[in-house]
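Each remark here refers to the structure printed beneath this line.
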Amino acid sequence: MFNLILFGPPGSGKGTQSIKIAEKYNFAHISTGDIFRNEIKNKTELGLRVQGIIESGELVPDELLIELLQNAMRKFHGKAGFVLDGFPRTCQQAKDLDDLLDKSLDCVSLVLALEVNEEEVISRLLKRAQEQGRKDDTEDVIRNRMKVYHHQTTPLEEFYSKQGKFESLHGVGSIDDIFENLCRVIDKHLA
Ligand code: ADP
């Protein structure tokens, strides 16, 4: 199995690129943000529990994530790997993921980061707010999500660099050009 993590700040294009990567390489695409939005839409117990947290731009508690991920992973059969989008977001989640994969003698293969400056991501997210009306895309919440990202998620860069698994790419440009660059790095690791 090739287990890829797409890494980057909110609005860096992880969702868009993950879908394309999953399609091209026959990977299962798992977006924890999409899973939570679906739970909220369906007003499930989990959805009601996390709605306020997500709408304020904070992170859902780590202990809720690993089981959710495990369930999502179980649903896929016959895939060549996973592309994780929005997970892990904390060092604890990264450790939990390692433990989970370890049980099936598997591991994280590669972490690919999309580098996009803060000004650009904020303008993309504000545009998305107008188009899709996501409740966590208001300016205040966006700024909080960026703060949360810097405090809780950027330390993962060191976590995965130490394992020699971290590579970053310039994330500004056309969707197709960025996709091509991502594929080049994935192909190098698959070879
Ligand atoms: P973004 O576009 O900000 O990267 P996502 O769609 O990935 O957003 O996630 C939206 C929200 O869902 C996050 O701000 C957070 O509250 C919650 N969430 C998603 N994934 C995780 C995670 N791995 N750990 C904690 N909270 C998460």
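Identifiers in this document derive from the order of the structure tokens: chains are assigned A, B, ..., residues are numbered from 1 separately in each chain, and ligands are numbered from 1 in order of occurrence.
Within region 13-190 of chain A, DSSP applied to the backbone places the following residues in strand (DSSP E or B): A:Phe27, A:Ala28, A:His29, A:Ile30, A:Ser31, A:Gly81, A:Phe82, A:Val83, A:Leu84, A:Asp85, A:Leu110, A:Val111, A:Leu112, A:Ala113, A:Leu114, A:Glu115, A:Phe166, A:Glu167, A:Ser168, A:Leu169, A:His170.
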Next, the residues of the selection above should be written as an mmCIF file, in the first residue's frame with N, CA, C and O atoms.
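File produced: part_36.cif:
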```
data_model
loop_
_atom_site.group_PDB
_atom_site.id
_atom_site.type_symbol
_atom_site.label_atom_id
_atom_site.label_comp_id
_atom_site.auth_asym_id
_atom_site.auth_seq_id
_atom_site.Cartn_x
_atom_site.Cartn_y
_atom_site.Cartn_z
ATOM 1 N N PHE A 27 -6.122 5.355 -5.474
ATOM 2 C CA PHE A 27 -6.012 5.450 -4.018
ATOM 3 C C PHE A 27 -7.396 5.782 -3.454
ATOM 4 O O PHE A 27 -8.211 6.411 -4.130
ATOM 5 N N ALA A 28 -7.626 5.399 -2.203
ATOM 6 C CA ALA A 28 -8.841 5.825 -1.515
ATOM 7 C C ALA A 28 -8.606 7.233 -0.978
ATOM 8 O O ALA A 28 -7.594 7.484 -0.333
ATOM 9 N N HIS A 29 -9.514 8.146 -1.267
ATOM 10 C CA HIS A 29 -9.389 9.517 -0.769
ATOM 11 C C HIS A 29 -10.144 9.647 0.550
ATOM 12 O O HIS A 29 -11.347 9.400 0.593
ATOM 13 N N ILE A 30 -9.440 10.015 1.600
ATOM 14 C CA ILE A 30 -10.110 10.201 2.888
ATOM 15 C C ILE A 30 -9.892 11.632 3.361
ATOM 16 O O ILE A 30 -8.766 12.044 3.640
ATOM 17 N N SER A 31 -10.988 12.402 3.388
ATOM 18 C CA SER A 31 -10.934 13.776 3.875
ATOM 19 C C SER A 31 -11.703 13.844 5.190
ATOM 20 O O SER A 31 -12.921 13.649 5.209
ATOM 21 N N GLY A 81 -3.719 2.260 -2.270
ATOM 22 C CA GLY A 81 -3.226 3.031 -1.131
ATOM 23 C C GLY A 81 -4.261 4.046 -0.694
ATOM 24 O O GLY A 81 -5.425 3.981 -1.102
ATOM 25 N N PHE A 82 -3.809 4.988 0.135
ATOM 26 C CA PHE A 82 -4.700 6.040 0.627
ATOM 27 C C PHE A 82 -4.099 7.395 0.330
ATOM 28 O O PHE A 82 -2.879 7.537 0.325
ATOM 29 N N VAL A 83 -4.952 8.380 0.110
ATOM 30 C CA VAL A 83 -4.473 9.756 0.180
ATOM 31 C C VAL A 83 -5.279 10.439 1.277
ATOM 32 O O VAL A 83 -6.506 10.490 1.232
ATOM 33 N N LEU A 84 -4.563 10.846 2.323
ATOM 34 C CA LEU A 84 -5.209 11.469 3.474
ATOM 35 C C LEU A 84 -5.175 12.982 3.318
ATOM 36 O O LEU A 84 -4.119 13.574 3.078
ATOM 37 N N ASP A 85 -6.343 13.587 3.478
ATOM 38 C CA ASP A 85 -6.518 15.019 3.249
ATOM 39 C C ASP A 85 -7.127 15.625 4.524
ATOM 40 O O ASP A 85 -8.265 15.341 4.861
ATOM 41 N N LEU A 110 4.681 8.783 2.278
ATOM 42 C CA LEU A 110 5.165 10.096 1.845
ATOM 43 C C LEU A 110 4.217 11.199 2.330
ATOM 44 O O LEU A 110 3.004 11.012 2.348
ATOM 45 N N VAL A 111 4.798 12.335 2.716
ATOM 46 C CA VAL A 111 3.998 13.505 3.079
ATOM 47 C C VAL A 111 4.345 14.612 2.099
ATOM 48 O O VAL A 111 5.506 15.031 2.012
ATOM 49 N N LEU A 112 3.373 15.050 1.344
ATOM 50 C CA LEU A 112 3.606 16.089 0.344
ATOM 51 C C LEU A 112 2.918 17.375 0.791
ATOM 52 O O LEU A 112 1.704 17.399 0.998
ATOM 53 N N ALA A 113 3.706 18.428 0.939
ATOM 54 C CA ALA A 113 3.141 19.689 1.418
ATOM 55 C C ALA A 113 2.960 20.674 0.273
ATOM 56 O O ALA A 113 3.844 20.825 -0.569
ATOM 57 N N LEU A 114 1.815 21.333 0.262
ATOM 58 C CA LEU A 114 1.566 22.399 -0.718
ATOM 59 C C LEU A 114 1.875 23.729 -0.053
ATOM 60 O O LEU A 114 1.242 24.096 0.944
ATOM 61 N N GLU A 115 2.854 24.431 -0.588
ATOM 62 C CA GLU A 115 3.244 25.716 0.009
ATOM 63 C C GLU A 115 2.494 26.860 -0.634
ATOM 64 O O GLU A 115 2.638 27.114 -1.837
ATOM 65 N N PHE A 166 9.166 13.867 4.286
ATOM 66 C CA PHE A 166 8.501 15.136 4.000
ATOM 67 C C PHE A 166 9.071 15.808 2.754
ATOM 68 O O PHE A 166 10.270 15.983 2.630
ATOM 69 N N GLU A 167 8.192 16.163 1.821
ATOM 70 C CA GLU A 167 8.628 16.943 0.650
ATOM 71 C C GLU A 167 7.628 18.060 0.421
ATOM 72 O O GLU A 167 6.422 17.848 0.542
ATOM 73 N N SER A 168 8.122 19.250 0.067
ATOM 74 C CA SER A 168 7.160 20.310 -0.196
ATOM 75 C C SER A 168 7.283 20.836 -1.616
ATOM 76 O O SER A 168 8.324 20.719 -2.267
ATOM 77 N N LEU A 169 6.162 21.384 -2.059
ATOM 78 C CA LEU A 169 6.034 21.842 -3.434
ATOM 79 C C LEU A 169 5.354 23.199 -3.468
ATOM 80 O O LEU A 169 4.494 23.473 -2.612
ATOM 81 N N HIS A 170 5.664 23.979 -4.462
ATOM 82 C CA HIS A 170 5.014 25.276 -4.602
ATOM 83 C C HIS A 170 3.540 25.062 -4.990
ATOM 84 O O HIS A 170 3.240 24.364 -5.955
#
```
Chain A near ligand 1 within 7 Å: what's each residue's closest atom pair and its distance in Å to one decimal, counting only C-alpha atoms and all ligand atoms, ordered by chain then ascending residue number, as a tab-separated table?
```
residue	atom	partner	partner_atom_place_in_ligand_line	distance
A:Pro9	CA	ligand 1	4 (O)	6.1
A:Pro10	CA	ligand 1	4 (O)	3.6
A:Gly11	CA	ligand 1	2 (O)	5.1
A:Ser31	CA	ligand 1	7 (O)	6.6
A:Thr32	CA	ligand 1	20 (N)	4.4
A:Gly33	CA	ligand 1	6 (O)	3.6
A:Asp34	CA	ligand 1	6 (O)	5.9
A:Phe36	CA	ligand 1	12 (O)	6.3
A:Ile53	CA	ligand 1	16 (O)	5.9
A:Ile54	CA	ligand 1	16 (O)	3.7
A:Gly57	CA	ligand 1	14 (O)	4.8
A:Glu58	CA	ligand 1	16 (O)	4.9
A:Leu59	CA	ligand 1	26 (N)	3.7
A:Val60	CA	ligand 1	26 (N)	3.9
A:Pro61	CA	ligand 1	25 (C)	6.0
A:Asp62	CA	ligand 1	24 (N)	6.1
A:Leu65	CA	ligand 1	24 (N)	6.3
A:Asp85	CA	ligand 1	7 (O)	6.6
A:Gly86	CA	ligand 1	7 (O)	4.2
A:Phe87	CA	ligand 1	23 (N)	4.0
A:Pro88	CA	ligand 1	23 (N)	4.9
A:Arg89	CA	ligand 1	23 (N)	4.7
A:Arg145	CA	ligand 1	14 (O)	6.0
```
Task: Of the listed residues A:Val116, A:Ile142, A:Ala80, A:Leu100, that which approaches Arg128 (chain A) most closely, counting only C-alpha atoms - done: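 Ranked by minimum distance to Arg128 (chain A), first place goes to A:Ile142.
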Task: Exercise: Ile175 (chain A) partners within 12 Å, only C-alpha atoms, chain neighbours under 5 positions left out, as a PyMOL selection string - done: chain A and resi 12-21+114+170+180-182
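Counting only C-alpha atoms, Arg143 (chain A) has the following residues at most 9 Å away, ignoring those fewer than 5 positions along the same chain: Gly57, Ile122, Thr138 and Val148 of chain A.
Between CA of Thr153 (chain A) and CA of Leu190 (chain A) there is a distance of 26.2 Å.
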TODO: Give me every helix (DSSP H, G or I) residue in chain A, going by DSSP on the backbone, as an MDAnalysis selection string.
DONE: chainID A and resid 14:25 32:41 45:56 62:74 91:103 118:132 139:153 155:162 175:190
Open item on the list: Using only C-alpha atoms, can you tell me which of A:Asn3, A:Glu139, A:Asn144, A:Gly171 comes closest to Asp98 (chain A)?
Closed with: A:Asn3
Open item on the list: I'd like the interatomic distance between CA of Pro155 (chain A) and CA of Gln92 (chain A), to a tenth of an Å.
Closed with: 10.8 Å
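Each of A:Asn71, A:Asn38, A:Ser161, A:Ser56 was checked against Lys147 (chain A) using only C-alpha atoms; the smallest atom-to-atom distance is that of A:Ser56.
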Open item on the list: I'd like to know which of A:Gln152, A:Asn42, A:Asn26, A:Gln51 is closest to Asp136 (chain A), using only C-alpha atoms.
Closed with: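 Closest to Asp136 (chain A) of all the choices is A:Gln51.
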